[in-house]
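Asks: Next up, protein.cif (mmCIF, C-alpha atoms and all ligand atoms).
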data_input
loop_
_atom_site.label_atom_id
_atom_site.label_comp_id
_atom_site.auth_asym_id
_atom_site.auth_seq_id
_atom_site.Cartn_x
_atom_site.Cartn_y
_atom_site.Cartn_z
CA PHE Y 553 28.60 -10.89 79.35
CA ASP Y 554 29.22 -9.10 76.04
CA HIS Y 555 27.08 -11.71 74.31
CA LEU Y 556 24.19 -11.05 76.76
CA ARG Y 557 24.53 -7.30 76.33
CA SER Y 558 24.39 -7.47 72.54
CA SER Y 559 21.38 -9.79 72.58
CA VAL Y 560 19.50 -7.39 74.94
CA SER Y 561 20.36 -4.39 72.78
CA ALA Y 562 19.31 -6.28 69.62
CA ARG Y 563 15.95 -7.01 71.23
CA ILE Y 564 15.49 -3.34 72.22
CA MET Y 565 16.41 -2.29 68.68
CA SER Y 566 13.94 -4.67 67.12
CA SER Y 567 11.06 -3.64 69.43
CA SER Y 568 11.63 0.03 68.60
CA ASN Y 569 11.71 -0.88 64.89
CA LEU Y 570 8.32 -2.53 65.34
CA VAL Y 571 6.90 0.63 66.91
CA GLU Y 572 8.28 2.64 63.98
CA LYS Y 573 6.62 0.19 61.58
CA GLY Y 574 3.30 0.83 63.35
CA LYS Y 575 3.70 4.60 63.06
CA GLU Y 576 4.46 4.31 59.35
CA THR Y 577 1.49 2.01 58.70
CA ALA Y 578 -0.94 4.39 60.42
CA ALA Y 579 0.48 7.54 58.83
CA PHE Y 580 0.55 6.15 55.29
CA ALA Y 581 -3.02 4.81 55.58
CA ALA Y 582 -4.37 8.14 56.86
CA VAL Y 583 -2.65 10.19 54.17
CA ASP Y 584 -3.88 7.83 51.45
CA LYS Y 585 -7.45 7.86 52.74
CA HIS Y 586 -7.94 11.52 53.66
CA VAL Y 587 -5.73 13.66 51.43
CA GLU Y 588 -7.01 14.86 48.07
CA ASP Y 589 -5.88 17.32 45.46
CA GLY Y 590 -6.47 20.98 46.36
CA MET Y 591 -6.65 20.48 50.12
CA ILE Y 592 -5.46 22.81 52.85
CA LEU Y 593 -3.92 20.48 55.44
CA GLY Y 594 -2.83 20.90 59.05
CA ILE Y 595 0.45 19.14 59.78
CA GLY Y 596 0.87 17.90 63.35
CA SER Y 597 4.04 17.36 65.35
CA GLY Y 598 5.99 14.43 66.70
CA SER Y 599 7.68 11.36 65.29
CA THR Y 600 4.64 9.73 63.62
CA ILE Y 601 3.99 12.87 61.59
CA VAL Y 602 7.38 12.48 59.96
CA TYR Y 603 5.97 9.41 58.18
CA ALA Y 604 2.80 11.29 57.17
CA VAL Y 605 4.86 14.09 55.63
CA THR Y 606 7.08 11.57 53.85
CA ARG Y 607 3.98 10.01 52.29
CA LEU Y 608 2.51 13.41 51.41
CA ALA Y 609 5.74 14.41 49.68
CA GLU Y 610 5.73 11.12 47.76
CA ARG Y 611 2.14 11.67 46.60
CA VAL Y 612 2.86 15.26 45.61
CA ARG Y 613 5.83 14.05 43.51
CA LYS Y 614 4.07 11.08 41.93
CA GLU Y 615 0.50 12.34 41.54
CA GLY Y 616 1.16 16.07 41.23
CA LEU Y 617 -1.23 16.87 44.11
CA LYS Y 618 -1.53 20.55 44.91
CA ILE Y 619 -1.84 20.93 48.68
CA VAL Y 620 -1.05 23.70 51.15
CA CYS Y 621 0.34 22.67 54.55
CA ILE Y 622 -0.24 24.60 57.78
CA PRO Y 623 2.30 23.72 60.51
CA THR Y 624 1.52 23.12 64.20
CA SER Y 625 5.09 23.72 65.43
CA PHE Y 626 8.56 24.75 64.39
CA GLN Y 627 9.28 21.04 63.78
CA ALA Y 628 6.27 20.76 61.45
CA GLN Y 629 7.33 23.90 59.59
CA GLN Y 630 10.81 22.47 59.03
CA LEU Y 631 9.31 19.16 57.85
CA ILE Y 632 7.08 20.95 55.34
CA VAL Y 633 9.92 23.05 53.98
CA THR Y 634 12.54 20.28 53.80
CA ASN Y 635 10.06 18.01 51.97
CA ASN Y 636 9.37 20.77 49.40
CA LEU Y 637 5.70 21.02 50.33
CA THR Y 638 3.84 24.32 50.11
CA LEU Y 639 3.91 26.14 53.43
CA GLY Y 640 0.81 28.12 54.37
CA SER Y 641 -0.39 29.90 57.50
CA LEU Y 642 -3.62 30.59 59.35
CA ASP Y 643 -3.17 34.26 58.36
CA THR Y 644 -3.95 33.43 54.73
CA THR Y 645 -5.98 30.21 55.14
CA PRO Y 646 -7.87 30.04 58.45
CA GLU Y 647 -10.13 27.22 57.25
CA LEU Y 648 -8.55 23.80 56.75
CA ASP Y 649 -9.97 20.71 55.06
CA CYS Y 650 -8.18 18.32 57.37
CA ALA Y 651 -5.50 18.18 60.07
CA ILE Y 652 -3.35 15.07 60.57
CA ASP Y 653 -1.62 14.72 63.93
CA GLY Y 654 -0.16 12.21 66.37
CA ALA Y 655 -1.27 11.56 69.95
CA ASP Y 656 0.15 10.18 73.16
CA GLU Y 657 -3.04 8.32 74.04
CA VAL Y 658 -6.49 7.93 72.45
CA ASP Y 659 -9.50 6.58 74.36
CA ASP Y 660 -12.66 4.98 72.98
CA LYS Y 661 -14.45 8.36 72.76
CA LEU Y 662 -11.49 9.73 70.77
CA THR Y 663 -10.47 11.92 73.68
CA LEU Y 664 -6.76 12.53 73.26
CA ILE Y 665 -3.74 13.29 75.35
CA LYS Y 666 -1.31 15.32 73.27
CA GLY Y 667 1.71 17.48 73.93
CA GLY Y 668 4.41 14.90 74.53
CA GLY Y 669 6.53 17.25 72.44
CA GLY Y 670 5.05 20.36 74.07
CA CYS Y 671 3.27 21.52 70.90
CA GLN Y 672 -0.35 21.15 72.06
CA THR Y 673 -1.30 24.84 71.86
CA GLN Y 674 -0.58 25.28 68.17
CA GLU Y 675 -1.83 21.75 67.50
CA LYS Y 676 -5.18 22.57 69.11
CA ILE Y 677 -5.50 25.89 67.31
CA VAL Y 678 -4.82 24.28 63.93
CA ALA Y 679 -7.13 21.32 64.69
CA SER Y 680 -9.90 23.73 65.69
CA CYS Y 681 -9.67 25.34 62.24
CA ALA Y 682 -9.95 21.98 60.43
CA ARG Y 683 -13.15 20.31 59.29
CA LYS Y 684 -11.64 16.98 60.28
CA LEU Y 685 -8.90 15.93 62.73
CA VAL Y 686 -7.30 12.60 61.80
CA ILE Y 687 -5.03 10.95 64.39
CA VAL Y 688 -2.13 8.66 63.51
CA ALA Y 689 -0.28 6.55 66.07
CA ASP Y 690 1.28 3.19 66.75
CA SER Y 691 -1.00 0.70 68.46
CA THR Y 692 0.51 1.26 71.95
CA LYS Y 693 -1.39 4.59 72.04
CA ASN Y 694 -4.79 2.94 71.67
CA SER Y 695 -6.66 2.73 75.02
CA THR Y 696 -10.19 2.24 76.22
CA SER Y 697 -9.74 5.03 78.80
CA LEU Y 698 -7.05 7.64 79.38
CA GLY Y 699 -4.28 6.65 81.78
CA GLN Y 700 -3.94 3.05 80.63
CA GLN Y 701 -0.87 3.85 78.56
CA TYR Y 702 0.11 7.42 79.29
CA LYS Y 703 0.11 8.95 82.74
CA LYS Y 704 0.49 12.69 82.29
CA ILE Y 705 -1.30 15.64 80.76
CA PRO Y 706 0.89 18.51 79.55
CA VAL Y 707 -0.32 22.04 80.26
CA GLU Y 708 1.32 25.04 78.61
CA VAL Y 709 1.58 27.93 81.08
CA ILE Y 710 2.82 31.51 81.19
CA PRO Y 711 6.21 31.22 83.02
CA LEU Y 712 5.20 33.54 85.89
CA ALA Y 713 2.28 31.26 86.77
CA TYR Y 714 3.87 27.80 86.74
CA ASN Y 715 4.13 27.31 90.50
CA PRO Y 716 0.57 28.41 91.43
CA ILE Y 717 -0.73 26.25 88.57
CA LEU Y 718 1.22 23.19 89.78
CA GLN Y 719 -0.40 23.64 93.18
CA ARG Y 720 -3.93 24.35 91.93
CA ILE Y 721 -4.05 21.37 89.60
CA THR Y 722 -2.96 18.90 92.27
CA GLN Y 723 -5.17 20.48 94.97
CA GLN Y 724 -8.24 20.31 92.74
CA PHE Y 725 -7.73 16.98 91.01
CA GLY Y 726 -5.06 15.04 92.93
CA GLY Y 727 -1.99 13.39 91.45
CA THR Y 728 1.32 15.20 91.17
CA ALA Y 729 2.61 17.86 88.81
CA GLU Y 730 6.02 19.08 87.77
CA LEU Y 731 7.64 21.67 85.58
CA ARG Y 732 9.04 20.00 82.46
CA MET Y 733 12.81 20.37 82.49
CA GLY Y 734 15.30 20.10 79.65
CA LYS Y 735 18.25 17.73 79.36
CA MET Y 736 20.46 17.56 82.49
CA LYS Y 737 17.70 19.57 84.24
CA ALA Y 738 19.64 22.72 83.30
CA GLY Y 739 16.44 24.73 82.85
CA PRO Y 740 12.78 24.44 81.91
CA ILE Y 741 11.69 23.40 78.43
CA VAL Y 742 10.40 26.45 76.57
CA SER Y 743 7.54 25.96 74.10
CA ASP Y 744 7.40 27.39 70.56
CA ASN Y 745 5.33 30.19 72.11
CA GLY Y 746 7.94 31.06 74.77
CA ASN Y 747 6.03 29.42 77.63
CA PHE Y 748 6.68 26.61 80.14
CA ILE Y 749 5.10 23.15 80.24
CA VAL Y 750 3.63 21.68 83.43
CA ASP Y 751 3.15 17.90 83.35
CA TRP Y 752 0.25 16.73 85.47
CA PHE Y 753 0.50 13.06 86.52
CA PHE Y 754 -3.21 12.50 87.00
CA PRO Y 755 -4.76 10.01 89.42
CA THR Y 756 -6.83 7.06 88.22
CA GLY Y 757 -10.63 7.18 88.07
CA ILE Y 758 -11.23 10.44 86.19
CA GLU Y 759 -13.97 10.09 83.57
CA ASP Y 760 -15.26 13.59 82.85
CA TRP Y 761 -12.28 14.94 80.90
CA LYS Y 762 -14.34 17.75 79.37
CA THR Y 763 -14.95 19.31 82.80
CA VAL Y 764 -11.34 18.75 83.88
CA ASN Y 765 -10.16 20.46 80.71
CA GLU Y 766 -12.52 23.41 81.19
CA ARG Y 767 -11.50 23.87 84.83
CA ILE Y 768 -7.77 23.78 84.10
CA LYS Y 769 -8.25 26.23 81.25
CA MET Y 770 -9.94 28.67 83.66
CA MET Y 771 -6.80 28.89 85.84
CA PRO Y 772 -5.07 32.23 85.24
CA GLY Y 773 -1.82 31.67 83.36
CA VAL Y 774 -2.91 28.47 81.61
CA VAL Y 775 -2.45 28.85 77.86
CA GLU Y 776 -3.65 25.41 76.72
CA THR Y 777 -3.91 21.81 77.83
CA GLY Y 778 -2.97 18.63 76.04
CA LEU Y 779 -6.51 17.27 76.53
CA PHE Y 780 -8.38 17.18 73.22
CA VAL Y 781 -12.06 16.51 73.92
CA ASP Y 782 -14.53 16.08 71.04
CA MET Y 783 -11.99 17.20 68.46
CA ALA Y 784 -10.82 14.09 66.59
CA GLN Y 785 -13.10 12.35 64.11
CA ILE Y 786 -11.01 9.25 63.41
CA ALA Y 787 -7.81 7.55 64.61
CA TYR Y 788 -5.50 5.14 62.76
CA PHE Y 789 -3.28 2.74 64.72
CA GLY Y 790 -0.50 0.69 63.19
CA GLY Y 791 0.51 -2.57 64.81
CA PRO Y 792 4.00 -4.11 65.00
CA ASP Y 793 3.00 -6.76 62.42
CA GLY Y 794 1.93 -4.19 59.81
CA SER Y 795 -1.76 -4.45 60.84
CA LEU Y 796 -4.02 -1.40 60.88
CA SER Y 797 -6.94 -0.61 63.16
CA VAL Y 798 -9.24 2.36 62.91
CA LYS Y 799 -11.62 3.93 65.44
C1 LIG Y 801 3.49 16.77 70.23
C2 LIG Y 801 2.37 15.79 70.16
C3 LIG Y 801 2.62 14.54 69.41
O1 LIG Y 801 1.69 14.43 68.39
C4 LIG Y 801 2.48 13.38 70.37
O2 LIG Y 801 3.39 13.57 71.46
C5 LIG Y 801 2.79 12.05 69.68
O3 LIG Y 801 4.11 12.02 69.29
P1 LIG Y 801 4.76 10.78 68.53
O4 LIG Y 801 4.16 10.72 67.17
O5 LIG Y 801 6.22 11.07 68.53
O6 LIG Y 801 4.43 9.54 69.34
O7 LIG Y 801 1.30 15.98 70.68
O8 LIG Y 801 3.16 17.84 71.05
#
Using structure tokens, write down the structure that the file contains.
Replies:
Amino acid sequence: FDHLRSSVSARIMSSSNLVEKGKETAAFAAVDKHVEDGMILGIGSGSTIVYAVTRLAERVRKEGLKIVCIPTSFQAQQLIVTNNLTLGSLDTTPELDCAIDGADEVDDKLTLIKGGGGCQTQEKIVASCARKLVIVADSTKNSTSLGQQYKKIPVEVIPLAYNPILQRITQQFGGTAELRMGKMKAGPIVSDNGNFIVDWFFPTGIEDWKTVNERIKMMPGVVETGLFVDMAQIAYFGGPDGSLSVK
């Protein structure tokens, strides 16, 4: 039995290593292609972005690039600082050359689901200030239409409004919705902005994500959704074998 257990855990370990390889491949390729000396860059959030920041730091050290990094979350800010990159803010630089960010799913029109880490509000603000939004992800995030890989859309809400919003979203669009809870369900997850996150498990068959996004955003108490429509220009996906695809 012990033998079986260690072979199963070895297989799980190696499949997660392959996903990590894909993240690294995508992030390194995007940084090498899109980052140039003198740029103001938006730094996204999540685990794939860690590889992008690692590569940025390497290029700054080796090539002496001068770049300013604008964070999309507390995590991104810590990454920038601990990698000795120059931290900027939208207060001083509201126009960015490029933002690099991860995604939970990317369809063929480059519509994104983001916010797996609950950072979509700042991510969308920073992306909206950038001339170009470049997405980096492992190949499991690459879909023809949303819902093939990822089943939920995160919505950041003012705490007072979470219950009416749960009800309105499911009444208007179907599916189910729940308040995102922390570990052990001891309390709700609180975003970097002090708000709650509602996860909407959407039904199949939705195509007009722009209208869905606009209608959810009109609900009083909604701060931002994790639907990014017509925002990304290009997406890099890394495969488990070190391959790269771009769309
Ligand atoms: C955080 C995000 C992330 O970019 C998204 O969840 C992807 O994360 P990862 O790179 O860990 O797969 O939107 O709010």
Asks: Could you please determine the separation between atom CA of Ala651 of chain Y and atom CA of Leu685 of chain Y in Å, to one decimal place?
Replies: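 About the pair atom CA of Ala651 of chain Y and atom CA of Leu685 of chain Y: they are 4.9 Å apart.
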Asks: Could you check which of Y:Met733, Y:Val633, Y:Ile622, Y:Val688 is closest to Gly594 of chain Y, using all atoms listed in the file?
Replies: Y:Ile622
Asks: When you count all atoms listed in the file, which of these residues is closest to Lys661 of chain Y: Y:Trp761, Y:Ser567, Y:Thr600, Y:Thr577?
Replies: Y:Trp761
Asks: Residues of chain Y that have any atom at most 9 Å from an atom of ligand LIG 801 (chain Y): could you tabulate them with the shortest-distance atom pair and the distance in Å to one decimal, using only C-alpha atoms and all ligand atoms, ordered by chain and increasing number, as a Markdown table?
Replies:
| residue | atom | partner | partner_atom | distance |
| --- | --- | --- | --- | --- |
| Y:Lys575 | CA | Y:LIG801 | O4 | 7.4 |
| Y:Gly596 | CA | Y:LIG801 | O1 | 6.2 |
| Y:Ser597 | CA | Y:LIG801 | O1 | 4.8 |
| Y:Gly598 | CA | Y:LIG801 | O5 | 3.8 |
| Y:Ser599 | CA | Y:LIG801 | O5 | 3.6 |
| Y:Thr600 | CA | Y:LIG801 | O4 | 3.7 |
| Y:Ile601 | CA | Y:LIG801 | O4 | 6.0 |
| Y:Val602 | CA | Y:LIG801 | O4 | 8.1 |
| Y:Thr624 | CA | Y:LIG801 | O8 | 8.8 |
| Y:Ser625 | CA | Y:LIG801 | O8 | 8.4 |
| Y:Asp653 | CA | Y:LIG801 | O1 | 5.6 |
| Y:Gly654 | CA | Y:LIG801 | O1 | 3.5 |
| Y:Ala655 | CA | Y:LIG801 | C5 | 4.1 |
| Y:Asp656 | CA | Y:LIG801 | C5 | 4.8 |
| Y:Glu657 | CA | Y:LIG801 | C5 | 8.2 |
| Y:Ile665 | CA | Y:LIG801 | O7 | 7.4 |
| Y:Lys666 | CA | Y:LIG801 | O7 | 3.7 |
| Y:Gly667 | CA | Y:LIG801 | O8 | 3.2 |
| Y:Gly668 | CA | Y:LIG801 | O2 | 3.5 |
| Y:Gly669 | CA | Y:LIG801 | O8 | 3.7 |
| Y:Gly670 | CA | Y:LIG801 | O8 | 4.4 |
| Y:Cys671 | CA | Y:LIG801 | O8 | 3.7 |
| Y:Gln672 | CA | Y:LIG801 | O8 | 4.9 |
| Y:Thr673 | CA | Y:LIG801 | O8 | 8.3 |
| Y:Gln674 | CA | Y:LIG801 | O8 | 8.8 |
| Y:Glu675 | CA | Y:LIG801 | O8 | 7.3 |
| Y:Ile687 | CA | Y:LIG801 | O1 | 8.6 |
| Y:Val688 | CA | Y:LIG801 | O4 | 7.6 |
| Y:Ala689 | CA | Y:LIG801 | O4 | 6.2 |
| Y:Asp690 | CA | Y:LIG801 | O6 | 7.5 |
| Y:Lys693 | CA | Y:LIG801 | O6 | 8.1 |
| Y:Pro706 | CA | Y:LIG801 | O8 | 8.8 |
| Y:Gly778 | CA | Y:LIG801 | O7 | 7.3 |
Asks: Up to 12 Å from (-6.9, 5.9, 88.6) in the file's coordinates: name the residues, counting only C-alpha atoms, as a PyMOL selection string.
Replies: chain Y and resi 697-704+725-727+753-759
Asks: How many Å lie between atom CA of Asp660 of chain Y and atom CA of Lys799 of chain Y, rounded to one decimal?
Replies: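 One can read the atom CA of Asp660 of chain Y to atom CA of Lys799 of chain Y distance as 7.7 Å.
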Asks: So, with all atoms listed in the file as the atoms that count, which of Y:Met736, Y:Ala679, Y:Leu637, Y:Ile652 lies closest to Phe580 of chain Y?
Replies: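 Between Y:Met736, Y:Ala679, Y:Leu637, Y:Ile652, the residue approaching Phe580 of chain Y most closely is Y:Ile652.
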Asks: Would you list the contacts of Ser691 of chain Y as a CSV table (one decimal) with C-alpha atoms, in the frame of the given file, taking every protein, DNA or RNA residue within 8 Å and counting all atoms listed in the file, but skipping same-chain residues closer than 3 positions in sequence?
Replies:
chain,number,residue,atom,x,y,z
Y,574,GLY,CA,3.3,0.8,63.4
Y,694,ASN,CA,-4.8,2.9,71.7
Y,789,PHE,CA,-3.3,2.7,64.7
Y,790,GLY,CA,-0.5,0.7,63.2
Y,791,GLY,CA,0.5,-2.6,64.8
Y,792,PRO,CA,4.0,-4.1,65.0
Asks: Quick one, how far is atom CA of Val707 of chain Y from atom CA of Leu593 of chain Y?
Replies: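 These atoms are spaced 25.1 Å apart.
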Asks: Mind checking which residues fall within 8 Å of Glu730 of chain Y, counting only C-alpha atoms, ignoring those fewer than 3 positions away in the same chain, and posting them as a JSON list (two decimals) with C-alpha atoms, keeping the file's coordinate frame?
Replies:
[["chain", "number", "residue", "atom", "x", "y", "z"],
["Y", 718, "LEU", "CA", 1.22, 23.19, 89.78],
["Y", 750, "VAL", "CA", 3.63, 21.68, 83.43],
["Y", 751, "ASP", "CA", 3.15, 17.90, 83.35],
["Y", 752, "TRP", "CA", 0.25, 16.73, 85.47]]
Asks: Between Y:Ser680, Y:Thr663, Y:Thr696, Y:Asn635, which has the minimum distance to Asp649 of chain Y (counting all atoms listed in the file)?
Replies: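 Distance minimum relative to Asp649 of chain Y lands on Y:Ser680.
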Asks: Write out as a list of chain:residue names which residues come within 9 Å of Ile768 of chain Y when counting all atoms listed in the file, dropping same-chain ones fewer than 3 positions away.
Replies: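 My list of contacting residues is Y:Val707, Y:Ile717, Y:Arg720, Y:Ile721, Y:Thr763, Y:Val764, Y:Asn765, Y:Met771, Y:Pro772, Y:Val774, Y:Glu776, Y:Thr777.
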Asks: I'd like to know which of Y:Ser695, Y:Asn636, Y:Asn747, Y:Thr606 is closest to Leu662 of chain Y, using all atoms listed in the file.
Replies: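 Looking only at the distances to Leu662 of chain Y, the closest residue turns out to be Y:Ser695.
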Asks: Hey, which of Y:Leu664, Y:Ala682, Y:Met783, Y:Met770 ends up closest to Val709 of chain Y? Count only C-alpha atoms.
Replies: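 Between Y:Leu664, Y:Ala682, Y:Met783, Y:Met770, the residue approaching Val709 of chain Y most closely is Y:Met770.
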Asks: Specify the axis-aligned box that encloses all atoms of segment 648-651 of chain Y listed in the file after padding of 3 Å on each side, stating its centre and edge lengths in Å to one decimal as lines of an AutoDock Vina configuration file.
Replies:
center_x = -7.7
center_y = 21.0
center_z = 57.6
size_x = 10.5
size_y = 11.6
size_z = 11.0
Asks: Place N, CA and C atoms on segment 658-690 of chain Y and deliver the coordinates as a JSON list (two decimals), in the frame of the given file.
Replies:
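The file below, out.json, is the result:
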[["chain", "number", "residue", "atom", "x", "y", "z"],
["Y", 658, "VAL", "N", -5.16, 7.70, 73.05],
["Y", 658, "VAL", "CA", -6.49, 7.93, 72.45],
["Y", 658, "VAL", "C", -7.46, 6.96, 73.11],
["Y", 659, "ASP", "N", -8.53, 7.49, 73.72],
["Y", 659, "ASP", "CA", -9.50, 6.58, 74.36],
["Y", 659, "ASP", "C", -10.63, 6.23, 73.39],
["Y", 660, "ASP", "N", -11.61, 5.47, 73.88],
["Y", 660, "ASP", "CA", -12.66, 4.98, 72.98],
["Y", 660, "ASP", "C", -13.63, 6.07, 72.54],
["Y", 661, "LYS", "N", -13.61, 7.24, 73.22],
["Y", 661, "LYS", "CA", -14.45, 8.36, 72.76],
["Y", 661, "LYS", "C", -13.64, 9.31, 71.87],
["Y", 662, "LEU", "N", -12.43, 8.90, 71.52],
["Y", 662, "LEU", "CA", -11.49, 9.73, 70.77],
["Y", 662, "LEU", "C", -11.08, 10.99, 71.54],
["Y", 663, "THR", "N", -11.11, 10.88, 72.86],
["Y", 663, "THR", "CA", -10.47, 11.92, 73.68],
["Y", 663, "THR", "C", -8.98, 11.64, 73.63],
["Y", 664, "LEU", "N", -8.20, 12.71, 73.48],
["Y", 664, "LEU", "CA", -6.76, 12.53, 73.26],
["Y", 664, "LEU", "C", -5.95, 13.17, 74.38],
["Y", 665, "ILE", "N", -4.81, 12.56, 74.66],
["Y", 665, "ILE", "CA", -3.74, 13.29, 75.35],
["Y", 665, "ILE", "C", -2.71, 13.59, 74.29],
["Y", 666, "LYS", "N", -2.34, 14.88, 74.20],
["Y", 666, "LYS", "CA", -1.31, 15.32, 73.27],
["Y", 666, "LYS", "C", -0.33, 16.22, 74.01],
["Y", 667, "GLY", "N", 0.78, 16.55, 73.32],
["Y", 667, "GLY", "CA", 1.71, 17.48, 73.93],
["Y", 667, "GLY", "C", 2.95, 16.83, 74.50],
["Y", 668, "GLY", "N", 3.16, 15.54, 74.12],
["Y", 668, "GLY", "CA", 4.41, 14.90, 74.53],
["Y", 668, "GLY", "C", 5.61, 15.72, 74.09],
["Y", 669, "GLY", "N", 5.46, 16.39, 72.94],
["Y", 669, "GLY", "CA", 6.53, 17.25, 72.44],
["Y", 669, "GLY", "C", 6.31, 18.72, 72.80],
["Y", 670, "GLY", "N", 5.29, 18.99, 73.61],
["Y", 670, "GLY", "CA", 5.05, 20.36, 74.07],
["Y", 670, "GLY", "C", 4.40, 21.28, 73.04],
["Y", 671, "CYS", "N", 3.79, 20.69, 72.00],
["Y", 671, "CYS", "CA", 3.27, 21.52, 70.90],
["Y", 671, "CYS", "C", 1.75, 21.66, 70.94],
["Y", 672, "GLN", "N", 1.12, 21.29, 72.04],
["Y", 672, "GLN", "CA", -0.35, 21.15, 72.06],
["Y", 672, "GLN", "C", -1.10, 22.45, 71.76],
["Y", 673, "THR", "N", -0.54, 23.60, 72.07],
["Y", 673, "THR", "CA", -1.30, 24.84, 71.86],
["Y", 673, "THR", "C", -1.51, 25.09, 70.37],
["Y", 674, "GLN", "N", -0.42, 25.05, 69.62],
["Y", 674, "GLN", "CA", -0.58, 25.28, 68.17],
["Y", 674, "GLN", "C", -1.33, 24.12, 67.53],
["Y", 675, "GLU", "N", -1.11, 22.91, 68.06],
["Y", 675, "GLU", "CA", -1.83, 21.75, 67.50],
["Y", 675, "GLU", "C", -3.34, 21.92, 67.69],
["Y", 676, "LYS", "N", -3.73, 22.41, 68.86],
["Y", 676, "LYS", "CA", -5.18, 22.57, 69.11],
["Y", 676, "LYS", "C", -5.76, 23.71, 68.28],
["Y", 677, "ILE", "N", -5.01, 24.77, 68.13],
["Y", 677, "ILE", "CA", -5.50, 25.89, 67.31],
["Y", 677, "ILE", "C", -5.72, 25.42, 65.87],
["Y", 678, "VAL", "N", -4.71, 24.74, 65.33],
["Y", 678, "VAL", "CA", -4.82, 24.28, 63.93],
["Y", 678, "VAL", "C", -5.96, 23.27, 63.80],
["Y", 679, "ALA", "N", -6.05, 22.32, 64.75],
["Y", 679, "ALA", "CA", -7.13, 21.32, 64.69],
["Y", 679, "ALA", "C", -8.49, 21.99, 64.75],
["Y", 680, "SER", "N", -8.61, 23.06, 65.55],
["Y", 680, "SER", "CA", -9.90, 23.73, 65.69],
["Y", 680, "SER", "C", -10.33, 24.43, 64.40],
["Y", 681, "CYS", "N", -9.37, 24.67, 63.51],
["Y", 681, "CYS", "CA", -9.67, 25.34, 62.24],
["Y", 681, "CYS", "C", -9.97, 24.32, 61.13],
["Y", 682, "ALA", "N", -9.81, 23.02, 61.46],
["Y", 682, "ALA", "CA", -9.95, 21.98, 60.43],
["Y", 682, "ALA", "C", -11.33, 21.35, 60.50],
["Y", 683, "ARG", "N", -11.86, 21.01, 59.33],
["Y", 683, "ARG", "CA", -13.15, 20.31, 59.29],
["Y", 683, "ARG", "C", -13.04, 18.92, 59.88],
["Y", 684, "LYS", "N", -11.81, 18.35, 59.81],
["Y", 684, "LYS", "CA", -11.64, 16.98, 60.28],
["Y", 684, "LYS", "C", -10.25, 16.85, 60.92],
["Y", 685, "LEU", "N", -10.20, 16.22, 62.10],
["Y", 685, "LEU", "CA", -8.90, 15.93, 62.73],
["Y", 685, "LEU", "C", -8.68, 14.42, 62.68],
["Y", 686, "VAL", "N", -7.63, 14.02, 61.98],
["Y", 686, "VAL", "CA", -7.30, 12.60, 61.80],
["Y", 686, "VAL", "C", -6.05, 12.30, 62.64],
["Y", 687, "ILE", "N", -6.15, 11.29, 63.51],
["Y", 687, "ILE", "CA", -5.03, 10.95, 64.39],
["Y", 687, "ILE", "C", -4.29, 9.73, 63.86],
["Y", 688, "VAL", "N", -2.96, 9.79, 63.94],
["Y", 688, "VAL", "CA", -2.13, 8.66, 63.51],
["Y", 688, "VAL", "C", -1.18, 8.29, 64.64],
["Y", 689, "ALA", "N", -1.10, 6.99, 64.93],
["Y", 689, "ALA", "CA", -0.28, 6.55, 66.07],
["Y", 689, "ALA", "C", 0.04, 5.07, 65.94],
["Y", 690, "ASP", "N", 1.06, 4.64, 66.66],
["Y", 690, "ASP", "CA", 1.28, 3.19, 66.75],
["Y", 690, "ASP", "C", 0.29, 2.62, 67.77]]
